[in-house]
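Visitor: The structure that follows is given in the form of structure tokens.
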Amino acid sequence: MKRSSQHRIADNTAPRIVSMAAYQGAEVLDITGPLDVFALANDLHLKHGGTEPLYRVELAAATRNDVLVTSSGIRLLADTAWHDCTGMDTLLVPGGPAAELAPEELVQWLRRTAPRVRRTGSICTGAFILARAGLLDGRRATTHWSRAGQLRRCYPLIEVDEDAIHTRDGSIYTSAGITAGIDLALALLEEDHGRKLALDVARMMVLYVKRPGGQSQFSTSLLAQFREGGSLAPTIQWMRENYRSTLDNETLAAHAAMSLRNFSRVFKREVGTTPAQFVEQIRLEAAVRLLEETNRSLETVARECGFQSGEHFRLTFARRFGIPPGQYRDRFRSEAG
């Protein structure tokens with residue numbers, strides 16, 4: 001039988017060891033999602049003529065055979081202990097509700113071990129564990145959009161990119177919420193063995209090998225980062241209802257019954273962004289809904305969402321999400337639309 005040449009990956013090296021350093025209360029998908037990417041890569045590689053697996057995945061915990069109770073209650077059995085991990089190529093840390101309570105023993109082990117590993121990464125709130133270990137100081141990093149502000153406040157030496165699906169800064173990688181760990185693993189696979197294999201694995205998982213845009217397109221609550229019951233809550237609600245209208249700072253300050261200077265200062269404090277940036281986000285949110293749910297032309301979408309022109313809409317959308325609105329519609333539109 002003729003051997004397939006689809007992947008053409010040499011088998012003259014030992015499998016790369018991917019270690020997932022987990023703890024009690026971690027998010028199960030943060031663990032299983034990325035590891036499945038590497039396992040599927042092995043399956044496809046072997047099916048296409050490979051003689052050795054590309055990766056060896058292992059789940060590490062405080063002790064070997066430790067029963068890890070994840071945040072969903074699903075139990076996983078650890079293959080090895082953190083301190084017994086050797087020969088690691090890639091070290092990953094999951095997130096979860098218990099991430100900030102992860103054992104200090106794990107944090108100290110990461111601080112000592114990460115510099116000796118080719119690459120270290122976190123999934124979702126696992127970034128808080130890397131931050132505790134000092135591994136993100138002076139680096140660009142991301143985490144789940146709902147915790148990005150907290151990461152920035154608690155660790156001011158980190159350059160937090162709250163919109164990134166995943167980041168790389170030197171040998172340190174971080175990813176956004178939960179399923180973004182799969183995106184990160186696909187990027188690591190592509191880095192190791194090329195785009196073709198990464199595409200094939202993504203196809204098997206019914207995913208894009210590279211998700212278009214940032215995580216803000218999947219987290220509409222980013223538009224509500226203001227304090228519940230804050231002094232500007234009525235004005236912000238009015239902005240949501242009137243985004244098609246002209247919403248300059250003077251109009252907004254008058255609605256809030258504040259001076260222009262005081263309004264801008266209070267808005268930035270309560271919402272975390274400028275009024276103009278917030279208006280833009282509301283309009284983009286509305287545009288995303290129309291792109292996904294209707295057949296309206298881009299010019300009509302632009303007009304109905306308050307943009308100055310179709311060209312202004314296209315430029316703003318592409319700057320925010322990384323792809324033009326027409327391409328976004330092709331990929332994400334609802335069949336019902």
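Chain labels follow the order of the structure tokens: the first chain is A, the next B, and so on; residue numbering restarts at 1 in every chain, and ligands are counted from 1 in their shown order.
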Need the shell around Ala141 of chain A: protein/DNA/RNA residues with any atom at most 8 Å away, counting only C-alpha atoms. Skip same-chain ones fewer than 6 positions apart. Format as a ChimeraX atom specification?

Guide: /A:127,158-161,166-169,173-175

Visitor: Find the residues near Arg240 of chain A: any atom within 10 Å, counting only C-alpha atoms, skip ones fewer than 5 places away on the same chain, and give them as a VMD selection string.

Guide: chain A and resid 223 234 to 235 278 to 279 282 to 283 286

Visitor: I'd like the neighbourhood of Ser245 of chain A as a VMD selection string, where a residue qualifies if any of its atoms comes within 10 Å (using only C-alpha atoms), though same-chain residues fewer than 4 positions away should be ignored.

Guide: chain A and resid 239 241 304 to 307

Visitor: Let's have the selection written as a PDB file, in the first residue's frame, with C-alpha atoms.

Guide:
```pdb
ATOM      1  CA  MET A 239     -27.483  55.164  24.878  1.00  0.00           C
ATOM      2  CA  GLU A 241     -31.883  52.562  23.103  1.00  0.00           C
ATOM      3  CA  GLU A 304     -29.491  51.272  10.860  1.00  0.00           C
ATOM      4  CA  CYS A 305     -26.675  51.007  13.411  1.00  0.00           C
ATOM      5  CA  GLY A 306     -25.765  54.690  13.392  1.00  0.00           C
ATOM      6  CA  PHE A 307     -22.523  54.639  11.383  1.00  0.00           C
TER       7      PHE A 307
END
```

Visitor: May I ask which of the residues A:Ala302, A:Ala14, A:Leu186, A:Ala21 is the closest one to Met204 of chain A, counting only C-alpha atoms?

Guide: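 Using only C-alpha atoms, Met204 of chain A sits closest to A:Leu186.
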
Visitor: Report, in Å to a single decimal, how far apart atom CA of Thr120 of chain A and atom CA of Ile172 of chain A are.

Guide: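 Computing it gives 5.1 Å between the two atoms.
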
Visitor: Report as a compact mmCIF listing (two decimals) with N, CA, C and O atoms, in the first residue's frame: the residues of segment 40-278 of chain A with a DSSP assignment of helix (DSSP H, G or I), based on the backbone of this structure.

Guide:
```
# COMPACT_ATOMS: atom_id res chain seq x y z
N LEU A 40 -5.88 14.01 18.85
CA LEU A 40 -6.37 13.88 17.48
C LEU A 40 -5.25 14.03 16.47
O LEU A 40 -5.24 13.36 15.43
N ALA A 41 -4.30 14.90 16.77
CA ALA A 41 -3.14 15.04 15.88
C ALA A 41 -2.39 13.70 15.79
O ALA A 41 -1.96 13.30 14.70
N ASN A 42 -2.24 13.03 16.91
CA ASN A 42 -1.62 11.70 16.91
C ASN A 42 -2.40 10.74 16.02
O ASN A 42 -1.82 10.02 15.19
N ASP A 43 -3.72 10.71 16.19
CA ASP A 43 -4.56 9.78 15.42
C ASP A 43 -4.41 10.01 13.93
O ASP A 43 -4.22 9.07 13.14
N LEU A 44 -4.50 11.28 13.52
CA LEU A 44 -4.41 11.58 12.09
C LEU A 44 -3.03 11.27 11.54
O LEU A 44 -2.88 10.76 10.43
N HIS A 45 -2.01 11.58 12.32
CA HIS A 45 -0.65 11.32 11.88
C HIS A 45 -0.41 9.83 11.68
O HIS A 45 0.16 9.40 10.66
N LEU A 46 -0.86 9.02 12.62
CA LEU A 46 -0.68 7.57 12.51
C LEU A 46 -1.51 6.98 11.39
O LEU A 46 -1.07 6.04 10.69
N LYS A 47 -2.70 7.53 11.15
CA LYS A 47 -3.55 7.04 10.06
C LYS A 47 -2.95 7.34 8.70
O LYS A 47 -3.27 6.66 7.72
N TRP A 82 3.02 16.61 39.81
CA TRP A 82 3.73 17.76 39.24
C TRP A 82 5.24 17.58 39.33
O TRP A 82 5.95 17.73 38.34
N HIS A 83 5.70 17.22 40.50
CA HIS A 83 7.14 17.16 40.74
C HIS A 83 7.82 16.01 40.01
O HIS A 83 9.05 15.98 39.92
N ASP A 84 7.03 15.08 39.47
CA ASP A 84 7.62 13.94 38.75
C ASP A 84 7.61 14.14 37.24
O ASP A 84 8.05 13.26 36.51
N ALA A 99 -9.20 28.74 40.39
CA ALA A 99 -7.85 29.10 39.91
C ALA A 99 -7.10 29.98 40.90
O ALA A 99 -5.91 29.76 41.16
N GLU A 100 -7.77 30.96 41.48
CA GLU A 100 -7.09 31.87 42.41
C GLU A 100 -6.78 31.20 43.74
O GLU A 100 -6.02 31.75 44.55
N LEU A 101 -7.36 30.01 43.96
CA LEU A 101 -7.09 29.26 45.19
C LEU A 101 -6.19 28.07 44.93
O LEU A 101 -6.05 27.19 45.80
N GLU A 104 -0.33 26.74 46.65
CA GLU A 104 0.94 27.45 46.56
C GLU A 104 2.05 26.52 46.08
O GLU A 104 2.99 26.95 45.39
N GLU A 105 1.94 25.25 46.40
CA GLU A 105 2.92 24.26 45.94
C GLU A 105 2.98 24.24 44.42
O GLU A 105 4.07 24.14 43.83
N LEU A 106 1.81 24.31 43.76
CA LEU A 106 1.77 24.35 42.30
C LEU A 106 2.42 25.62 41.78
O LEU A 106 3.20 25.58 40.82
N VAL A 107 2.11 26.75 42.41
CA VAL A 107 2.66 28.03 41.98
C VAL A 107 4.19 28.02 42.06
O VAL A 107 4.88 28.43 41.12
N GLN A 108 4.72 27.53 43.16
CA GLN A 108 6.16 27.49 43.34
C GLN A 108 6.81 26.54 42.34
O GLN A 108 7.90 26.82 41.80
N TRP A 109 6.17 25.42 42.08
CA TRP A 109 6.70 24.46 41.11
C TRP A 109 6.73 25.08 39.72
O TRP A 109 7.71 24.92 38.98
N LEU A 110 5.67 25.81 39.35
CA LEU A 110 5.65 26.48 38.05
C LEU A 110 6.76 27.51 37.94
O LEU A 110 7.41 27.63 36.89
N ARG A 111 7.00 28.25 39.01
CA ARG A 111 8.04 29.28 39.00
C ARG A 111 9.41 28.65 38.72
O ARG A 111 10.22 29.21 37.97
N ARG A 112 9.65 27.48 39.29
CA ARG A 112 10.95 26.81 39.09
C ARG A 112 11.02 26.10 37.74
O ARG A 112 12.08 26.05 37.11
N THR A 113 9.89 25.55 37.30
CA THR A 113 9.90 24.64 36.16
C THR A 113 9.76 25.34 34.82
O THR A 113 10.40 24.96 33.84
N ALA A 114 8.89 26.35 34.75
CA ALA A 114 8.60 26.98 33.46
C ALA A 114 9.84 27.44 32.70
O ALA A 114 9.91 27.28 31.48
N PRO A 115 10.84 28.04 33.35
CA PRO A 115 12.02 28.48 32.60
C PRO A 115 12.78 27.33 31.91
O PRO A 115 13.57 27.58 31.00
N ARG A 116 12.53 26.10 32.35
CA ARG A 116 13.24 24.95 31.75
C ARG A 116 12.41 24.26 30.68
O ARG A 116 12.87 23.26 30.10
N GLY A 126 -6.49 30.31 34.22
CA GLY A 126 -5.18 29.77 34.57
C GLY A 126 -4.11 30.84 34.50
O GLY A 126 -3.04 30.71 35.10
N ALA A 127 -4.42 31.95 33.79
CA ALA A 127 -3.48 33.08 33.73
C ALA A 127 -3.20 33.64 35.12
O ALA A 127 -2.09 34.13 35.38
N PHE A 128 -4.17 33.56 36.02
CA PHE A 128 -3.95 34.05 37.38
C PHE A 128 -2.88 33.21 38.10
O PHE A 128 -2.15 33.73 38.94
N ILE A 129 -2.82 31.93 37.77
CA ILE A 129 -1.82 31.07 38.40
C ILE A 129 -0.43 31.40 37.85
O ILE A 129 0.54 31.50 38.61
N LEU A 130 -0.33 31.59 36.53
CA LEU A 130 0.95 32.01 35.96
C LEU A 130 1.36 33.37 36.52
O LEU A 130 2.54 33.61 36.77
N ALA A 131 0.37 34.24 36.72
CA ALA A 131 0.68 35.57 37.27
C ALA A 131 1.21 35.46 38.70
O ALA A 131 2.17 36.14 39.07
N ARG A 132 0.62 34.61 39.50
CA ARG A 132 1.10 34.40 40.87
C ARG A 132 2.54 33.91 40.88
O ARG A 132 3.32 34.24 41.77
N TRP A 145 -12.70 37.28 29.24
CA TRP A 145 -13.03 38.71 29.18
C TRP A 145 -13.60 39.23 30.50
O TRP A 145 -13.37 40.38 30.86
N SER A 146 -14.36 38.38 31.23
CA SER A 146 -14.99 38.87 32.46
C SER A 146 -14.01 39.04 33.60
O SER A 146 -14.34 39.64 34.63
N ARG A 147 -12.78 38.51 33.45
CA ARG A 147 -11.78 38.60 34.52
C ARG A 147 -10.57 39.44 34.12
O ARG A 147 -9.62 39.56 34.90
N ALA A 148 -10.61 39.99 32.90
CA ALA A 148 -9.46 40.74 32.41
C ALA A 148 -9.16 41.96 33.27
O ALA A 148 -8.01 42.27 33.58
N GLY A 149 -10.22 42.68 33.66
CA GLY A 149 -10.02 43.85 34.50
C GLY A 149 -9.40 43.49 35.84
O GLY A 149 -8.52 44.20 36.34
N GLN A 150 -9.83 42.37 36.41
CA GLN A 150 -9.26 41.94 37.69
C GLN A 150 -7.80 41.57 37.54
O GLN A 150 -6.97 41.89 38.41
N LEU A 151 -7.46 40.88 36.44
CA LEU A 151 -6.07 40.51 36.21
C LEU A 151 -5.21 41.77 36.10
O LEU A 151 -4.10 41.83 36.66
N ARG A 152 -5.73 42.78 35.43
CA ARG A 152 -4.99 44.03 35.26
C ARG A 152 -4.79 44.75 36.60
O ARG A 152 -3.72 45.27 36.88
N ARG A 153 -5.85 44.75 37.42
CA ARG A 153 -5.75 45.44 38.71
C ARG A 153 -4.81 44.72 39.68
O ARG A 153 -4.03 45.34 40.40
N CYS A 154 -4.91 43.39 39.71
CA CYS A 154 -4.12 42.61 40.67
C CYS A 154 -2.66 42.49 40.28
O CYS A 154 -1.79 42.37 41.15
N ALA A 180 -11.35 28.70 24.22
CA ALA A 180 -10.17 29.31 23.60
C ALA A 180 -8.92 28.49 23.87
O ALA A 180 -7.91 28.66 23.17
N GLY A 181 -8.95 27.61 24.88
CA GLY A 181 -7.84 26.70 25.10
C GLY A 181 -7.64 25.77 23.91
O GLY A 181 -6.50 25.36 23.61
N ILE A 182 -8.73 25.44 23.24
CA ILE A 182 -8.64 24.61 22.03
C ILE A 182 -7.99 25.42 20.91
O ILE A 182 -7.14 24.91 20.17
N ASP A 183 -8.39 26.69 20.79
CA ASP A 183 -7.75 27.57 19.80
C ASP A 183 -6.24 27.63 20.03
O ASP A 183 -5.45 27.58 19.08
N LEU A 184 -5.86 27.78 21.29
CA LEU A 184 -4.44 27.85 21.62
C LEU A 184 -3.74 26.56 21.25
O LEU A 184 -2.65 26.58 20.65
N ALA A 185 -4.34 25.42 21.57
CA ALA A 185 -3.71 24.13 21.26
C ALA A 185 -3.56 23.96 19.75
O ALA A 185 -2.55 23.43 19.27
N LEU A 186 -4.55 24.40 18.97
CA LEU A 186 -4.43 24.33 17.52
C LEU A 186 -3.27 25.20 17.02
O LEU A 186 -2.55 24.82 16.09
N ALA A 187 -3.09 26.37 17.64
CA ALA A 187 -1.97 27.24 17.27
C ALA A 187 -0.64 26.59 17.61
O ALA A 187 0.33 26.68 16.84
N LEU A 188 -0.57 25.92 18.76
CA LEU A 188 0.66 25.22 19.13
C LEU A 188 0.95 24.07 18.17
O LEU A 188 2.11 23.83 17.80
N LEU A 189 -0.11 23.35 17.79
CA LEU A 189 0.06 22.26 16.83
C LEU A 189 0.56 22.80 15.49
O LEU A 189 1.48 22.22 14.89
N GLU A 190 -0.02 23.90 15.02
CA GLU A 190 0.44 24.49 13.76
C GLU A 190 1.89 24.93 13.87
O GLU A 190 2.67 24.76 12.93
N GLU A 191 2.25 25.47 15.01
CA GLU A 191 3.63 25.89 15.24
C GLU A 191 4.59 24.71 15.14
O GLU A 191 5.69 24.83 14.61
N ASP A 192 4.16 23.56 15.63
CA ASP A 192 5.01 22.36 15.64
C ASP A 192 5.05 21.64 14.30
O ASP A 192 6.12 21.21 13.84
N HIS A 193 3.87 21.46 13.69
CA HIS A 193 3.76 20.53 12.57
C HIS A 193 3.05 21.09 11.34
O HIS A 193 2.71 20.34 10.44
N ARG A 195 0.41 24.02 9.15
CA ARG A 195 -1.00 24.40 9.05
C ARG A 195 -1.88 23.25 8.57
O ARG A 195 -3.04 23.12 8.99
N LYS A 196 -1.37 22.40 7.70
CA LYS A 196 -2.19 21.33 7.13
C LYS A 196 -2.72 20.42 8.22
O LYS A 196 -3.93 20.10 8.26
N LEU A 197 -1.87 19.97 9.11
CA LEU A 197 -2.33 19.08 10.18
C LEU A 197 -3.26 19.82 11.13
O LEU A 197 -4.27 19.27 11.58
N ALA A 198 -2.94 21.07 11.45
CA ALA A 198 -3.82 21.85 12.32
C ALA A 198 -5.20 22.01 11.70
O ALA A 198 -6.22 21.92 12.39
N LEU A 199 -5.25 22.26 10.39
CA LEU A 199 -6.54 22.37 9.70
C LEU A 199 -7.32 21.07 9.76
O LEU A 199 -8.54 21.06 9.96
N ASP A 200 -6.63 19.96 9.58
CA ASP A 200 -7.31 18.66 9.62
C ASP A 200 -7.87 18.37 11.00
O ASP A 200 -8.97 17.83 11.14
N VAL A 201 -7.11 18.71 12.04
CA VAL A 201 -7.61 18.50 13.40
C VAL A 201 -8.80 19.42 13.66
O VAL A 201 -9.82 19.00 14.24
N ALA A 202 -8.69 20.68 13.24
CA ALA A 202 -9.81 21.61 13.42
C ALA A 202 -11.05 21.12 12.71
O ALA A 202 -12.17 21.21 13.22
N ARG A 203 -10.87 20.56 11.51
CA ARG A 203 -12.00 20.03 10.76
C ARG A 203 -12.65 18.87 11.52
O ARG A 203 -13.87 18.76 11.57
N MET A 204 -11.85 18.01 12.09
CA MET A 204 -12.38 16.89 12.87
C MET A 204 -13.17 17.39 14.08
O MET A 204 -14.15 16.77 14.50
N GLN A 215 -12.33 38.04 21.32
CA GLN A 215 -13.34 37.41 22.17
C GLN A 215 -14.51 38.33 22.46
O GLN A 215 -15.57 37.87 22.89
N SER A 216 -14.39 39.63 22.20
CA SER A 216 -15.50 40.53 22.47
C SER A 216 -16.71 40.20 21.60
O SER A 216 -17.85 40.45 21.99
N GLN A 217 -16.50 39.60 20.43
CA GLN A 217 -17.63 39.27 19.58
C GLN A 217 -18.46 38.13 20.17
O GLN A 217 -19.61 37.93 19.80
N PHE A 218 -17.88 37.38 21.11
CA PHE A 218 -18.60 36.27 21.73
C PHE A 218 -19.05 36.61 23.15
O PHE A 218 -19.60 35.76 23.83
N THR A 220 -21.13 39.52 24.79
CA THR A 220 -21.86 40.77 24.70
C THR A 220 -21.86 41.53 26.01
O THR A 220 -22.08 42.74 26.03
N SER A 221 -21.56 40.88 27.11
CA SER A 221 -21.52 41.57 28.39
C SER A 221 -20.35 42.54 28.48
O SER A 221 -20.28 43.34 29.41
N LEU A 222 -19.42 42.46 27.52
CA LEU A 222 -18.36 43.47 27.51
C LEU A 222 -18.96 44.87 27.35
O LEU A 222 -18.34 45.86 27.72
N LEU A 223 -20.17 44.92 26.82
CA LEU A 223 -20.82 46.20 26.64
C LEU A 223 -21.47 46.70 27.92
O LEU A 223 -22.09 47.75 27.94
N ALA A 224 -21.38 45.95 28.99
CA ALA A 224 -22.04 46.33 30.23
C ALA A 224 -21.06 46.41 31.38
O ALA A 224 -21.39 46.08 32.51
N ALA A 233 -26.06 54.85 35.04
CA ALA A 233 -26.87 53.74 34.54
C ALA A 233 -28.04 54.21 33.67
O ALA A 233 -28.27 53.65 32.59
N PRO A 234 -28.80 55.25 34.06
CA PRO A 234 -29.89 55.70 33.18
C PRO A 234 -29.40 56.20 31.82
O PRO A 234 -30.02 55.93 30.79
N THR A 235 -28.28 56.92 31.82
CA THR A 235 -27.75 57.43 30.57
C THR A 235 -27.23 56.30 29.69
O THR A 235 -27.42 56.32 28.46
N ILE A 236 -26.60 55.32 30.29
CA ILE A 236 -26.10 54.18 29.51
C ILE A 236 -27.26 53.41 28.90
O ILE A 236 -27.19 52.99 27.74
N GLN A 237 -28.34 53.23 29.64
CA GLN A 237 -29.50 52.56 29.08
C GLN A 237 -30.08 53.38 27.94
O GLN A 237 -30.48 52.83 26.90
N TRP A 238 -30.10 54.71 28.10
CA TRP A 238 -30.59 55.58 27.03
C TRP A 238 -29.71 55.48 25.79
O TRP A 238 -30.20 55.49 24.65
N MET A 239 -28.40 55.34 26.00
CA MET A 239 -27.48 55.16 24.88
C MET A 239 -27.79 53.88 24.13
O MET A 239 -27.77 53.84 22.89
N ARG A 240 -28.10 52.83 24.85
CA ARG A 240 -28.42 51.54 24.23
C ARG A 240 -29.68 51.65 23.36
O ARG A 240 -29.78 50.99 22.32
N GLU A 241 -30.61 52.45 23.81
CA GLU A 241 -31.88 52.56 23.10
C GLU A 241 -31.82 53.56 21.95
O GLU A 241 -32.72 53.56 21.10
N ASN A 249 -20.48 63.76 22.91
CA ASN A 249 -20.29 63.94 24.34
C ASN A 249 -21.20 65.03 24.92
O ASN A 249 -21.68 64.91 26.05
N GLU A 250 -21.43 66.08 24.15
CA GLU A 250 -22.29 67.16 24.64
C GLU A 250 -23.71 66.66 24.88
O GLU A 250 -24.33 66.96 25.91
N THR A 251 -24.23 65.86 23.94
CA THR A 251 -25.58 65.32 24.08
C THR A 251 -25.67 64.38 25.28
O THR A 251 -26.63 64.43 26.06
N LEU A 252 -24.66 63.54 25.44
CA LEU A 252 -24.66 62.58 26.54
C LEU A 252 -24.52 63.28 27.88
O LEU A 252 -25.18 62.90 28.86
N ALA A 253 -23.65 64.28 27.95
CA ALA A 253 -23.47 65.01 29.21
C ALA A 253 -24.76 65.73 29.60
O ALA A 253 -25.14 65.77 30.78
N ALA A 254 -25.48 66.28 28.60
CA ALA A 254 -26.74 66.95 28.89
C ALA A 254 -27.77 65.97 29.43
O ALA A 254 -28.51 66.27 30.37
N HIS A 255 -27.83 64.76 28.85
CA HIS A 255 -28.76 63.74 29.35
C HIS A 255 -28.43 63.37 30.79
O HIS A 255 -29.33 63.14 31.61
N LEU A 260 -19.58 68.77 30.79
CA LEU A 260 -18.89 67.91 29.84
C LEU A 260 -17.65 67.28 30.47
O LEU A 260 -17.40 66.07 30.33
N ARG A 261 -16.88 68.07 31.19
CA ARG A 261 -15.65 67.57 31.80
C ARG A 261 -15.95 66.51 32.87
O ARG A 261 -15.32 65.46 32.91
N ASN A 262 -16.94 66.79 33.72
CA ASN A 262 -17.28 65.84 34.78
C ASN A 262 -17.87 64.56 34.20
O ASN A 262 -17.57 63.46 34.67
N PHE A 263 -18.71 64.70 33.17
CA PHE A 263 -19.29 63.52 32.54
C PHE A 263 -18.20 62.60 31.98
O PHE A 263 -18.23 61.38 32.20
N SER A 264 -17.24 63.15 31.26
CA SER A 264 -16.17 62.33 30.68
C SER A 264 -15.37 61.61 31.76
O SER A 264 -15.02 60.44 31.62
N ARG A 265 -15.11 62.32 32.85
CA ARG A 265 -14.33 61.72 33.95
C ARG A 265 -15.11 60.60 34.63
O ARG A 265 -14.57 59.51 34.85
N VAL A 266 -16.39 60.84 34.94
CA VAL A 266 -17.21 59.84 35.63
C VAL A 266 -17.46 58.63 34.72
O VAL A 266 -17.42 57.48 35.16
N PHE A 267 -17.69 58.90 33.44
CA PHE A 267 -17.94 57.80 32.50
C PHE A 267 -16.73 56.86 32.43
O PHE A 267 -16.87 55.64 32.50
N LYS A 268 -15.54 57.44 32.31
CA LYS A 268 -14.34 56.61 32.21
C LYS A 268 -14.14 55.80 33.50
O LYS A 268 -13.74 54.62 33.45
N ARG A 269 -14.48 56.40 34.65
CA ARG A 269 -14.33 55.69 35.91
C ARG A 269 -15.32 54.55 36.05
O ARG A 269 -14.97 53.45 36.48
N GLU A 270 -16.56 54.77 35.65
CA GLU A 270 -17.60 53.76 35.87
C GLU A 270 -17.63 52.70 34.78
O GLU A 270 -17.95 51.54 35.04
N VAL A 271 -17.32 53.07 33.57
CA VAL A 271 -17.44 52.14 32.44
C VAL A 271 -16.09 51.58 32.02
O VAL A 271 -16.00 50.46 31.51
N PRO A 275 -16.79 57.64 26.29
CA PRO A 275 -18.14 57.58 25.73
C PRO A 275 -18.14 57.20 24.25
O PRO A 275 -18.97 56.38 23.81
N ALA A 276 -17.23 57.76 23.48
CA ALA A 276 -17.18 57.47 22.04
C ALA A 276 -16.88 56.00 21.79
O ALA A 276 -17.48 55.36 20.91
N GLN A 277 -15.95 55.43 22.55
CA GLN A 277 -15.63 54.02 22.38
C GLN A 277 -16.81 53.13 22.76
O GLN A 277 -17.07 52.11 22.12
N PHE A 278 -17.54 53.54 23.80
CA PHE A 278 -18.68 52.75 24.24
C PHE A 278 -19.81 52.79 23.21
O PHE A 278 -20.44 51.77 22.91
```

Visitor: Could you state the separation of atom CA of Ala176 of chain A and atom CA of Met88 of chain A in Å, given to one decimal place?

Guide: 23.2 Å

Visitor: What residues in segment 143-279 of chain A get the DSSP label strand (DSSP E or B)? Please answer as a ChimeraX atom specification.

Guide: /A:159-160,166-169,172-175
